[in-house]
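Structure file query20.csv (CSV, C-alpha atoms) is printed below.
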chain,number,residue,atom,x,y,z
A,6,MET,CA,-111.8,-39.1,65.6
A,7,THR,CA,-111.8,-35.3,65.4
A,8,ASP,CA,-115.1,-33.8,64.3
A,9,VAL,CA,-114.6,-31.8,61.1
A,10,ARG,CA,-116.8,-29.3,59.4
A,11,ILE,CA,-116.9,-30.2,55.8
A,12,GLY,CA,-120.3,-29.0,54.7
A,13,ALA,CA,-123.9,-29.7,55.5
A,14,THR,CA,-125.3,-31.2,52.3
A,15,VAL,CA,-123.5,-33.6,50.0
A,16,MET,CA,-125.1,-32.6,46.8
A,17,SER,CA,-123.5,-31.6,43.5
A,18,ARG,CA,-125.2,-28.7,41.8
A,19,PRO,CA,-126.1,-29.4,38.1
A,20,TRP,CA,-123.2,-28.8,35.8
A,21,ALA,CA,-123.3,-26.1,33.2
A,22,GLU,CA,-124.0,-27.1,29.6
A,23,SER,CA,-120.9,-27.6,27.5
A,24,GLY,CA,-122.1,-25.4,24.7
A,25,GLY,CA,-120.9,-27.9,22.2
A,26,ARG,CA,-117.4,-28.0,23.5
A,27,PRO,CA,-115.9,-31.5,23.8
A,28,LEU,CA,-115.9,-33.0,27.3
A,29,ALA,CA,-112.7,-35.0,26.8
A,30,GLY,CA,-109.4,-34.3,25.3
A,31,SER,CA,-109.9,-36.2,22.0
A,32,SER,CA,-108.8,-33.1,20.0
A,33,ALA,CA,-105.9,-32.3,22.3
A,34,PRO,CA,-102.4,-33.3,20.9
A,35,GLY,CA,-101.1,-36.4,22.4
A,36,SER,CA,-104.2,-37.4,24.3
A,37,GLY,CA,-106.5,-40.4,23.9
A,38,THR,CA,-105.2,-43.4,22.0
A,39,ALA,CA,-101.8,-41.9,21.4
A,40,LEU,CA,-101.2,-41.4,25.2
A,41,VAL,CA,-102.3,-44.9,26.0
A,42,GLU,CA,-100.0,-46.3,23.3
A,43,ARG,CA,-97.0,-44.3,24.6
A,44,VAL,CA,-97.6,-45.6,28.1
A,45,ARG,CA,-98.0,-49.2,26.9
A,46,ALA,CA,-94.7,-48.9,25.0
A,47,LEU,CA,-93.1,-48.1,28.4
A,48,GLN,CA,-94.3,-51.2,30.1
A,49,PRO,CA,-91.1,-53.3,29.6
A,50,LEU,CA,-89.1,-50.4,31.2
A,51,ILE,CA,-91.5,-50.0,34.1
A,52,ARG,CA,-91.6,-53.7,34.7
A,53,SER,CA,-87.8,-54.0,34.7
A,54,HIS,CA,-87.6,-51.4,37.4
A,55,ALA,CA,-90.4,-52.8,39.6
A,56,LEU,CA,-88.2,-54.8,41.9
A,57,ARG,CA,-85.8,-51.9,42.3
A,58,ALA,CA,-88.6,-49.6,43.1
A,59,GLU,CA,-89.7,-51.9,45.9
A,60,GLN,CA,-86.2,-52.1,47.2
A,61,GLU,CA,-85.6,-48.4,47.1
A,62,ARG,CA,-89.2,-47.7,48.4
A,63,ARG,CA,-89.9,-45.2,45.6
A,64,VAL,CA,-90.4,-45.3,41.9
A,65,THR,CA,-87.1,-45.1,40.1
A,66,GLY,CA,-86.0,-41.8,38.5
A,67,GLU,CA,-85.8,-43.4,35.1
A,68,VAL,CA,-89.5,-44.5,35.3
A,69,VAL,CA,-90.6,-41.1,36.7
A,70,GLU,CA,-89.0,-39.3,33.8
A,71,ALA,CA,-90.3,-41.8,31.2
A,72,LEU,CA,-93.9,-41.4,32.5
A,73,THR,CA,-93.5,-37.7,32.5
A,74,GLY,CA,-92.2,-37.7,29.0
A,75,ALA,CA,-95.1,-39.8,27.9
A,76,GLY,CA,-97.5,-37.2,29.2
A,77,ILE,CA,-99.1,-39.1,32.0
A,78,HIS,CA,-99.1,-36.0,34.2
A,79,ARG,CA,-100.9,-33.9,31.6
A,80,MET,CA,-104.2,-35.8,31.7
A,81,ASN,CA,-106.0,-33.4,34.1
A,82,VAL,CA,-104.0,-30.2,33.5
A,83,PRO,CA,-106.1,-27.5,31.9
A,84,ARG,CA,-105.6,-27.1,28.2
A,85,ARG,CA,-104.7,-23.5,28.6
A,86,HIS,CA,-101.6,-24.7,30.5
A,87,GLY,CA,-100.7,-27.3,27.9
A,88,GLY,CA,-102.6,-30.2,29.4
A,89,TYR,CA,-104.8,-32.7,27.7
A,90,GLN,CA,-108.0,-32.9,29.8
A,91,SER,CA,-108.1,-36.6,28.8
A,92,SER,CA,-111.4,-38.5,28.8
A,93,LEU,CA,-111.9,-40.6,31.9
A,94,ARG,CA,-111.8,-43.8,29.8
A,95,THR,CA,-108.4,-42.7,28.5
A,96,GLN,CA,-107.2,-42.1,32.0
A,97,VAL,CA,-108.3,-45.5,33.3
A,98,ASP,CA,-106.7,-47.2,30.3
A,99,ALA,CA,-103.4,-45.3,30.8
A,100,LEU,CA,-103.2,-45.8,34.6
A,101,SER,CA,-104.2,-49.5,34.2
A,102,ALA,CA,-101.3,-49.9,31.7
A,103,VAL,CA,-98.8,-48.4,34.2
A,104,SER,CA,-100.2,-50.5,37.0
A,105,ALA,CA,-100.0,-53.7,35.0
A,106,ALA,CA,-96.2,-53.2,34.8
A,107,CYS,CA,-95.7,-51.9,38.4
A,108,GLY,CA,-98.4,-51.4,41.0
A,109,SER,CA,-96.4,-48.8,42.8
A,110,ALA,CA,-95.7,-46.8,39.7
A,111,GLY,CA,-99.4,-47.0,38.8
A,112,PHE,CA,-100.5,-45.9,42.3
A,113,MET,CA,-98.1,-42.9,42.2
A,114,ALA,CA,-99.4,-41.9,38.7
A,115,LEU,CA,-103.0,-42.0,39.8
A,116,ILE,CA,-102.4,-39.9,42.9
A,117,GLN,CA,-100.5,-37.3,40.9
A,118,ALA,CA,-103.2,-37.3,38.2
A,119,GLY,CA,-105.9,-36.8,40.8
A,120,CYS,CA,-104.0,-34.1,42.6
A,121,ALA,CA,-103.5,-32.2,39.3
A,122,PHE,CA,-107.3,-32.3,38.9
A,123,ILE,CA,-107.8,-30.9,42.3
A,124,ALA,CA,-105.2,-28.2,41.7
A,125,ALA,CA,-107.3,-27.1,38.7
A,126,LEU,CA,-110.1,-26.3,41.1
A,127,PHE,CA,-108.0,-23.8,43.1
A,128,PRO,CA,-108.3,-20.1,42.5
A,129,ASP,CA,-106.9,-19.2,39.1
A,130,GLU,CA,-104.0,-17.3,40.6
A,131,ALA,CA,-102.8,-20.5,42.3
A,132,GLN,CA,-103.2,-22.4,39.1
A,133,ASP,CA,-100.9,-20.0,37.3
A,134,GLU,CA,-98.3,-20.6,40.0
A,135,ILE,CA,-98.7,-24.4,40.0
A,136,PHE,CA,-99.0,-25.1,36.3
A,137,THR,CA,-95.8,-23.3,35.1
A,138,GLY,CA,-95.5,-26.3,32.7
A,139,PRO,CA,-97.8,-29.1,31.6
A,140,ASP,CA,-95.6,-31.8,33.1
A,141,VAL,CA,-95.7,-30.5,36.7
A,142,ARG,CA,-96.0,-33.3,39.3
A,143,VAL,CA,-98.6,-32.5,42.0
A,144,GLY,CA,-99.0,-34.8,45.1
A,145,GLY,CA,-101.3,-34.6,48.0
A,146,THR,CA,-103.1,-36.2,50.9
A,147,LEU,CA,-106.6,-36.2,52.4
A,148,VAL,CA,-105.4,-37.1,55.9
A,149,PRO,CA,-105.8,-33.9,58.0
A,150,GLY,CA,-102.6,-34.3,60.1
A,151,SER,CA,-101.8,-30.6,60.2
A,152,ARG,CA,-103.2,-27.5,61.7
A,153,ALA,CA,-103.7,-24.2,59.9
A,154,ALA,CA,-103.8,-20.9,61.8
A,155,ALA,CA,-105.4,-17.9,60.0
A,156,VAL,CA,-103.1,-14.9,59.6
A,157,ASP,CA,-103.3,-11.8,57.6
A,158,GLY,CA,-103.4,-12.8,54.0
A,159,GLY,CA,-103.6,-16.5,54.5
A,160,TYR,CA,-102.6,-19.3,56.9
A,161,VAL,CA,-99.6,-20.6,58.7
A,162,VAL,CA,-99.6,-24.4,58.7
A,163,SER,CA,-97.6,-27.0,60.8
A,164,GLY,CA,-97.9,-30.7,61.2
A,165,ASN,CA,-97.3,-34.1,59.7
A,166,SER,CA,-99.2,-35.5,56.7
A,167,PRO,CA,-98.6,-39.3,56.2
A,168,PHE,CA,-99.2,-41.3,53.0
A,169,ALA,CA,-97.9,-38.6,50.7
A,170,THR,CA,-97.4,-40.8,47.6
A,171,GLY,CA,-94.6,-39.8,45.3
A,172,CYS,CA,-93.7,-36.8,47.5
A,173,GLN,CA,-89.9,-37.1,46.7
A,174,ASP,CA,-90.6,-36.6,43.0
A,175,ALA,CA,-93.4,-34.0,43.3
A,176,ASP,CA,-93.1,-30.3,42.6
A,177,TRP,CA,-96.1,-29.3,44.7
A,178,HIS,CA,-98.1,-30.9,47.5
A,179,LEU,CA,-101.7,-30.4,48.3
A,180,LEU,CA,-101.6,-30.6,52.1
A,181,THR,CA,-104.8,-31.2,54.1
A,182,ALA,CA,-105.1,-29.3,57.4
A,183,LEU,CA,-107.7,-28.3,59.9
A,184,ALA,CA,-108.3,-24.7,60.7
A,185,ASP,CA,-110.1,-23.4,63.7
A,186,THR,CA,-113.3,-21.4,62.8
A,187,GLY,CA,-113.8,-19.8,66.2
A,188,GLU,CA,-117.0,-21.7,66.7
A,189,GLY,CA,-118.0,-25.3,66.1
A,190,PRO,CA,-115.7,-28.0,64.6
A,191,PRO,CA,-112.6,-27.0,62.6
A,192,GLU,CA,-112.7,-26.6,58.8
A,193,MET,CA,-110.8,-28.9,56.5
A,194,LEU,CA,-108.6,-27.2,53.9
A,195,TRP,CA,-106.4,-28.2,51.0
A,196,LEU,CA,-103.3,-25.9,50.9
A,197,ALA,CA,-101.1,-25.9,47.8
A,198,ILE,CA,-97.4,-25.7,48.9
A,199,PRO,CA,-94.2,-26.1,46.9
A,200,MET,CA,-92.3,-29.2,48.0
A,201,ALA,CA,-89.3,-27.1,48.5
A,202,GLU,CA,-91.0,-25.6,51.6
A,203,LEU,CA,-91.7,-29.0,53.1
A,204,LYS,CA,-89.7,-31.8,54.6
A,205,VAL,CA,-90.0,-35.5,53.9
A,206,LEU,CA,-89.7,-38.1,56.6
A,207,ASP,CA,-88.3,-41.2,54.9
A,208,ASP,CA,-90.7,-43.6,56.8
A,209,TRP,CA,-92.4,-45.6,54.0
A,210,ASN,CA,-91.4,-49.2,54.8
A,211,VAL,CA,-94.4,-51.4,54.1
A,212,THR,CA,-95.4,-54.7,52.5
A,213,GLY,CA,-97.6,-53.5,49.7
A,214,LEU,CA,-97.3,-50.7,47.1
A,215,ALA,CA,-93.9,-50.6,48.7
A,216,GLY,CA,-92.3,-48.7,45.9
A,217,SER,CA,-94.9,-45.8,45.9
A,218,GLY,CA,-92.8,-43.6,48.1
A,219,SER,CA,-95.8,-42.7,50.3
A,220,ASN,CA,-93.7,-41.0,53.0
A,221,THR,CA,-94.8,-38.5,55.6
A,222,VAL,CA,-94.6,-34.8,54.6
A,223,VAL,CA,-93.8,-32.3,57.3
A,224,ALA,CA,-94.8,-28.6,57.4
A,225,GLN,CA,-93.2,-26.3,60.0
A,226,ASP,CA,-94.7,-22.8,60.2
A,227,VAL,CA,-95.2,-22.6,56.5
A,228,HIS,CA,-97.1,-19.5,55.3
A,229,VAL,CA,-99.7,-20.2,52.6
A,230,PRO,CA,-101.3,-17.2,50.9
A,231,ALA,CA,-105.1,-17.2,50.8
A,232,HIS,CA,-105.3,-17.8,47.0
A,233,ARG,CA,-103.5,-21.2,47.5
A,234,VAL,CA,-106.3,-22.5,49.8
A,235,LEU,CA,-109.2,-24.7,48.8
A,236,PRO,CA,-111.9,-25.5,51.4
A,237,VAL,CA,-112.9,-29.1,51.2
A,238,GLY,CA,-116.5,-28.7,52.4
A,239,PRO,CA,-117.8,-26.5,49.5
A,240,LEU,CA,-115.8,-28.7,47.1
A,241,LEU,CA,-117.8,-31.8,48.2
A,242,SER,CA,-121.0,-29.8,47.5
A,243,GLY,CA,-119.8,-28.9,44.0
A,244,ALA,CA,-118.5,-25.4,44.6
A,245,PHE,CA,-114.9,-24.4,43.9
A,246,PRO,CA,-113.2,-21.0,43.4
A,247,SER,CA,-111.7,-21.4,39.9
A,248,ARG,CA,-113.4,-18.9,37.6
A,249,ARG,CA,-111.8,-20.3,34.4
A,250,ASN,CA,-112.7,-23.9,35.1
A,251,GLY,CA,-116.0,-23.3,36.9
A,252,ASP,CA,-118.2,-23.8,33.8
A,253,ASP,CA,-116.1,-26.5,32.2
A,254,PRO,CA,-117.9,-29.9,32.3
A,255,PHE,CA,-114.6,-31.6,32.6
A,256,TYR,CA,-113.9,-30.0,36.0
A,257,ARG,CA,-117.5,-30.4,37.1
A,258,MET,CA,-116.9,-34.2,37.5
A,259,PRO,CA,-117.0,-35.0,41.3
A,260,VAL,CA,-113.4,-35.5,42.4
A,261,LEU,CA,-114.2,-38.2,44.9
A,262,LEU,CA,-116.0,-40.3,42.3
A,263,LEU,CA,-113.1,-39.8,40.0
A,264,PHE,CA,-110.8,-41.2,42.6
A,265,CYS,CA,-113.0,-44.3,42.5
A,266,ALA,CA,-112.2,-44.6,38.8
A,267,TRP,CA,-108.5,-43.9,39.2
A,268,THR,CA,-108.0,-46.4,42.0
A,269,ALA,CA,-110.1,-48.9,40.0
A,270,ALA,CA,-107.4,-48.6,37.3
A,271,ASN,CA,-104.7,-49.7,39.7
A,272,ALA,CA,-106.7,-52.8,40.7
A,273,LEU,CA,-107.5,-53.7,37.1
A,274,GLY,CA,-103.9,-53.3,35.9
A,275,LEU,CA,-102.7,-55.5,38.8
A,276,GLY,CA,-105.4,-58.1,38.2
A,277,ARG,CA,-104.6,-58.4,34.5
A,278,ALA,CA,-100.9,-58.6,35.3
A,279,ALA,CA,-101.5,-61.5,37.6
A,280,LEU,CA,-103.4,-63.3,34.8
A,281,THR,CA,-100.6,-62.7,32.3
A,282,GLU,CA,-97.9,-63.9,34.8
A,283,PHE,CA,-99.9,-67.0,35.5
A,284,GLY,CA,-100.4,-67.8,31.8
A,285,GLU,CA,-96.6,-67.8,31.4
A,286,ARG,CA,-95.7,-69.7,34.5
A,287,ILE,CA,-98.0,-72.7,33.9
A,288,HIS,CA,-96.1,-73.5,30.7
A,289,GLN,CA,-92.7,-73.4,32.5
A,290,ARG,CA,-93.2,-75.5,35.5
A,291,GLY,CA,-94.8,-78.7,36.7
A,292,ILE,CA,-96.8,-79.5,39.9
A,293,THR,CA,-94.4,-80.9,42.5
A,294,TYR,CA,-95.2,-84.4,43.8
A,295,THR,CA,-97.7,-85.1,41.0
A,296,PHE,CA,-97.3,-86.6,37.5
A,297,TYR,CA,-98.0,-83.3,35.9
A,298,GLU,CA,-94.8,-82.1,34.2
A,299,ARG,CA,-96.5,-79.0,33.0
A,300,GLN,CA,-99.0,-77.1,35.2
A,301,HIS,CA,-101.1,-76.1,32.2
A,302,GLU,CA,-102.1,-79.7,31.7
A,303,ALA,CA,-103.8,-80.1,35.1
A,304,PRO,CA,-107.6,-79.8,35.4
A,305,VAL,CA,-107.2,-77.9,38.6
A,306,THR,CA,-105.2,-75.3,36.7
A,307,HIS,CA,-108.0,-74.9,34.2
A,308,LEU,CA,-110.5,-74.2,37.0
A,309,GLN,CA,-108.1,-71.8,38.8
A,310,PHE,CA,-107.3,-69.9,35.6
A,311,ALA,CA,-110.9,-69.6,34.5
A,312,GLU,CA,-112.2,-68.4,37.8
A,313,ALA,CA,-109.4,-65.8,38.2
A,314,GLU,CA,-110.2,-64.6,34.6
A,315,MET,CA,-113.9,-64.3,35.4
A,316,LYS,CA,-113.1,-62.3,38.5
A,317,VAL,CA,-111.0,-59.8,36.7
A,318,SER,CA,-113.4,-59.6,33.7
A,319,SER,CA,-116.2,-58.9,36.1
A,320,ALA,CA,-114.1,-56.2,37.7
A,321,GLU,CA,-113.6,-54.6,34.3
A,322,LEU,CA,-117.3,-54.6,33.6
A,323,LEU,CA,-117.9,-52.8,37.0
A,324,ALA,CA,-115.2,-50.3,36.1
A,325,ALA,CA,-116.7,-49.6,32.7
A,326,ASP,CA,-120.1,-49.1,34.3
A,327,LEU,CA,-118.9,-46.5,36.8
A,328,VAL,CA,-116.8,-44.7,34.2
A,329,GLY,CA,-119.7,-44.6,31.8
A,330,LEU,CA,-122.0,-43.1,34.4
A,331,ILE,CA,-119.5,-40.4,35.4
A,332,GLU,CA,-118.9,-39.5,31.8
A,333,SER,CA,-122.6,-39.5,30.8
A,334,LYS,CA,-123.4,-37.3,33.8
A,335,ALA,CA,-120.7,-34.8,32.8
A,336,ALA,CA,-121.9,-34.8,29.1
A,337,GLU,CA,-125.5,-34.3,30.0
A,338,GLY,CA,-124.9,-31.9,33.0
A,339,GLU,CA,-127.0,-34.0,35.3
A,340,PRO,CA,-126.6,-34.1,39.1
A,341,TYR,CA,-126.1,-37.4,41.0
A,342,THR,CA,-128.4,-39.0,43.4
A,343,THR,CA,-127.0,-40.1,46.7
A,344,ARG,CA,-127.7,-43.7,45.7
A,345,GLU,CA,-125.6,-43.3,42.5
A,346,ARG,CA,-122.7,-41.8,44.4
A,347,ALA,CA,-122.8,-44.6,47.0
A,348,ARG,CA,-123.0,-47.2,44.3
A,349,ILE,CA,-119.9,-45.9,42.6
A,350,ARG,CA,-118.1,-46.2,46.0
A,351,ALA,CA,-119.3,-49.7,46.4
A,352,GLN,CA,-118.3,-50.7,42.8
A,353,CYS,CA,-114.8,-49.4,43.4
A,354,GLY,CA,-114.4,-51.5,46.5
A,355,TYR,CA,-116.1,-54.6,45.0
A,356,LEU,CA,-114.1,-54.6,41.8
A,357,THR,CA,-110.9,-54.2,43.9
A,358,ARG,CA,-111.9,-57.2,46.0
A,359,SER,CA,-112.5,-59.2,42.9
A,360,CYS,CA,-109.1,-58.4,41.5
A,361,LYS,CA,-107.6,-59.2,44.9
A,362,GLU,CA,-109.4,-62.6,45.0
A,363,ALA,CA,-108.1,-63.4,41.5
A,364,ALA,CA,-104.6,-62.6,42.5
A,365,ASP,CA,-104.9,-64.6,45.8
A,366,LEU,CA,-106.1,-67.5,43.7
A,367,ILE,CA,-103.2,-67.2,41.3
A,368,GLY,CA,-100.7,-66.7,44.1
A,369,SER,CA,-101.8,-69.9,45.8
A,370,ALA,CA,-101.6,-71.8,42.5
A,371,SER,CA,-98.1,-70.5,41.6
A,372,GLY,CA,-96.0,-72.7,43.8
A,373,ALA,CA,-93.3,-72.0,46.3
A,374,SER,CA,-91.0,-70.6,43.6
A,375,SER,CA,-93.3,-67.6,43.3
A,376,LEU,CA,-92.3,-66.5,46.8
A,377,HIS,CA,-89.0,-65.2,45.4
A,378,ARG,CA,-88.8,-61.4,45.5
A,379,GLU,CA,-88.1,-61.2,41.8
A,380,ALA,CA,-91.4,-63.1,41.0
A,381,PRO,CA,-94.1,-60.5,40.1
A,382,VAL,CA,-96.9,-62.7,41.5
A,383,GLN,CA,-96.1,-62.2,45.1
A,384,ARG,CA,-95.7,-58.5,44.7
A,385,ILE,CA,-99.1,-58.3,42.8
A,386,VAL,CA,-100.8,-60.1,45.7
A,387,ARG,CA,-99.2,-57.7,48.3
A,388,ASP,CA,-100.0,-54.6,46.2
A,389,LEU,CA,-103.7,-55.5,45.9
A,390,ASN,CA,-103.9,-56.2,49.6
A,391,ALA,CA,-102.5,-52.8,50.3
A,392,LEU,CA,-104.9,-51.1,47.8
A,393,SER,CA,-107.8,-52.9,49.5
A,394,LEU,CA,-106.8,-51.4,52.9
A,395,HIS,CA,-107.0,-47.8,51.5
A,396,SER,CA,-109.8,-46.2,53.5
A,397,PHE,CA,-111.5,-44.9,50.4
A,398,VAL,CA,-111.3,-48.2,48.6
A,399,ASN,CA,-111.9,-50.7,51.4
A,400,PRO,CA,-114.5,-53.1,50.1
A,401,ALA,CA,-116.3,-53.9,53.3
A,402,ALA,CA,-116.6,-50.2,54.3
A,403,ASN,CA,-117.9,-49.2,50.8
A,404,LEU,CA,-120.5,-52.1,50.8
A,405,GLU,CA,-121.8,-51.0,54.2
A,406,LEU,CA,-122.1,-47.4,52.9
A,407,TYR,CA,-124.1,-48.5,49.9
A,408,GLY,CA,-126.2,-50.8,52.0
A,409,ARG,CA,-127.1,-48.0,54.3
A,410,VAL,CA,-128.4,-45.9,51.4
A,411,LEU,CA,-130.2,-48.9,49.9
A,412,SER,CA,-131.9,-49.4,53.3
A,413,GLY,CA,-133.1,-45.8,53.4
A,414,LEU,CA,-130.5,-44.5,55.9
A,415,ASP,CA,-128.0,-41.7,55.7
A,416,ALA,CA,-124.8,-42.8,54.0
A,417,GLY,CA,-122.9,-42.0,57.2
A,418,THR,CA,-120.2,-40.1,55.4
A,419,PRO,CA,-120.0,-36.8,53.4
A,420,PHE,CA,-117.2,-38.3,51.2
A,421,LEU,CA,-119.4,-39.3,48.3
Step by step, read the file and then write its structure as structure tokens.
Amino acid sequence: MTDVRIGATVMSRPWAESGGRPLAGSSAPGSGTALVERVRALQPLIRSHALRAEQERRVTGEVVEALTGAGIHRMNVPRRHGGYQSSLRTQVDALSAVSAACGSAGFMALIQAGCAFIAALFPDEAQDEIFTGPDVRVGGTLVPGSRAAAVDGGYVVSGNSPFATGCQDADWHLLTALADTGEGPPEMLWLAIPMAELKVLDDWNVTGLAGSGSNTVVAQDVHVPAHRVLPVGPLLSGAFPSRRNGDDPFYRMPVLLLFCAWTAANALGLGRAALTEFGERIHQRGITYTFYERQHEAPVTHLQFAEAEMKVSSAELLAADLVGLIESKAAEGEPYTTRERARIRAQCGYLTRSCKEAADLIGSASGASSLHREAPVQRIVRDLNALSLHSFVNPAANLELYGRVLSGLDAGTPFL
């Protein structure tokens, strides 16, 4: 693995006091409860397109436009650009609702919501270019597969960036690249580039989150002006160049911890969807080679259903805990301890594993008929498996990280 300079100390400086301003977007038109209700109203449409999204390996245009119209992309856009700056609880509820209808659509929505938040940390001049409208779709990656060479006034970047979720429907891409510093390891940068200046390799052909369109994005000698560059190292330490958003408590929330909440929403939605699907199936089928003509009458079903429900309910409690901590820290302007950051990472992975275990249990109890492509159960199982493999979500890796901190050792990563 390439050594990368991303900052010496992983500490977030105390956030500025809000001065009485609301942290979340409760007063913003269309945010909060109204946004979640609009997204939930789209669930039948999203669900009806889930199989087609998997077959076409990208979220369908109809669903993309419907989610855009509902305001899902406005959640982290600054209010001055027409965005909502929705509360984190609202964001988790909205993204969970999308994910319950289609895991791939939910994953694309969370990545674009997260990248819009990151875009709001760029220099203000870049934000004015990116947020020409509140419904702009911003994608991005944190896999430094490209190289950036410093030139007069900016950088020239070339290389491939895999796992660029939703890139075919994005307006902008936040590309991660390594730049030589002249001494020591290279510096990691986020560079904001219009998708029109990039190419897409149609190489997303996978078994889980298959409809998320997470293809590889290719940059070939693309010039990026200096104002559209965001160094990753200072960002992890709590410093970013936006003057307008620098003192806003909303944008002082640590982006990596927010990604824990956003990905948790994907797991929770999928876990709840598995329970809903199972609750319907057990009244429609029997258990082959037994005298049970209806599965819901069998004691083994009662045990399976209850255990799966407890796993998902436990996951929801963990999610509520980490969301509550992030929001309280923002409201009070308090810094995080390393232990708190590591715990949130661990909670994200653990709740995802709980939802995966619930889906695996339901999948194994749903019979051979659930193997058909049109049956949501098998897709939910595969989607949760894929989410668990994400490097930032991986349950085992996150537990080890937290265990190191609990044991008095360094976390072993700056990505906290």
Point to revise | Selection: 9 Å around Val82 (chain A), only C-alpha atoms, excl. self and same-chain fewer than 5 positions, as a ChimeraX atom specification | key: /A:87-91,118,121-122,124-125,136,139-141
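Closest approach to Ala272 (chain A) from the set A:Gly354, A:Gly150, A:Gly144, A:Gly164 is made by A:Gly354, with distances taken over all atoms listed in the file.
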Check your understanding: Hey, can you check how far CA of Ile123 (chain A) sits from CA of Val97 (chain A)?
Key -> 17.2 Å
Point to revise | Length of the CA of Pro128 (chain A) to CA of Pro246 (chain A) vector [Å] | key: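 Result for CA of Pro128 (chain A) versus CA of Pro246 (chain A): 5.1 Å, one decimal.
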Exercise for review: For CA of Ile116 (chain A) and CA of Ala55 (chain A), determine how far apart the two atoms are, in Å to one decimal place.
Suggested key: 17.9 Å
Exercise for review: Within 12 Å of (-105.4, -43.0, 38.4) (coordinates as in the file), grab all the protein and nucleic acid residues, counting only C-alpha atoms, and write them out as a PyMOL selection string.
Suggested key: chain A and resi 77-78+80-81+91+93-104+108-122+260-274
Study note, to complete from the structure: Restricting to all atoms listed in the file, whichever of A:Ala370, A:Ala402, A:Ala231, A:Ala325 is closest to Gln300 (chain A) is A:Ala370
Revision key, fill the gap. The residue from A:Phe296, A:Phe420, A:Phe310, A:Phe283 with the smallest atom-to-atom distance to Thr343 (chain A), counting all atoms listed in the file, is A:Phe420
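The residue that comes closest to Leu275 (chain A), out of A:Leu323, A:Val234, A:Ala106, A:Leu241 and on the basis of all atoms listed in the file, is A:Ala106.
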Point to revise | Selected residue of minimal separation from Thr281 (chain A) among A:Pro381, A:Leu50, A:Thr418, A:Asp174, counting all atoms listed in the file | key: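 Under the stated criterion, the closest residue is A:Pro381.
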Exercise for review: Using only C-alpha atoms, find the one residue out of A:Gln173, A:Gln289, A:Ser166, A:Gln225 that sits nearest to Asp207 (chain A).
Suggested key: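 Comparing A:Gln173, A:Gln289, A:Ser166, A:Gln225 against Asp207 (chain A), the winner is A:Gln173.
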Interface rows for region 120-165 of chain A against region 182-197 of chain A: nearest pair, Å to one decimal, 7 Å, all atoms listed in the file, as a tab-separated table:
residue	atom	partner	partner_atom	distance
A:Pro149	CA	A:Ala182	CA	4.7
A:Gly150	CA	A:Ala182	CA	6.2
A:Ser151	CA	A:Ala182	CA	4.5
A:Arg152	CA	A:Leu183	CA	4.9
A:Ala153	CA	A:Ala184	CA	4.7
A:Ala154	CA	A:Ala184	CA	6.0
Exercise for review: List the neighbours of region 393-399 of chain A out to 7 Å using all atoms listed in the file; skip same-chain residues closer than 2 positions along the sequence, and give me the result as a ChimeraX atom specification.
Suggested key: /A:353-354,357-358,389-391,401-403
Counting all atoms listed in the file, give me one row per residue of region 207-289 of chain A with an atom at most 10 Å from an atom of region 200-203 of chain A, showing the shortest contact pair and its distance in Å to one decimal, sorted by chain then residue number, as a tab-separated table.
residue	atom	partner	partner_atom	distance
A:Val222	CA	A:Leu203	CA	6.7
A:Val223	CA	A:Leu203	CA	5.7
A:Ala224	CA	A:Leu203	CA	5.3
A:Gln225	CA	A:Leu203	CA	7.6
A:Asp226	CA	A:Glu202	CA	9.8
A:Val227	CA	A:Glu202	CA	7.1
A:His228	CA	A:Glu202	CA	9.4
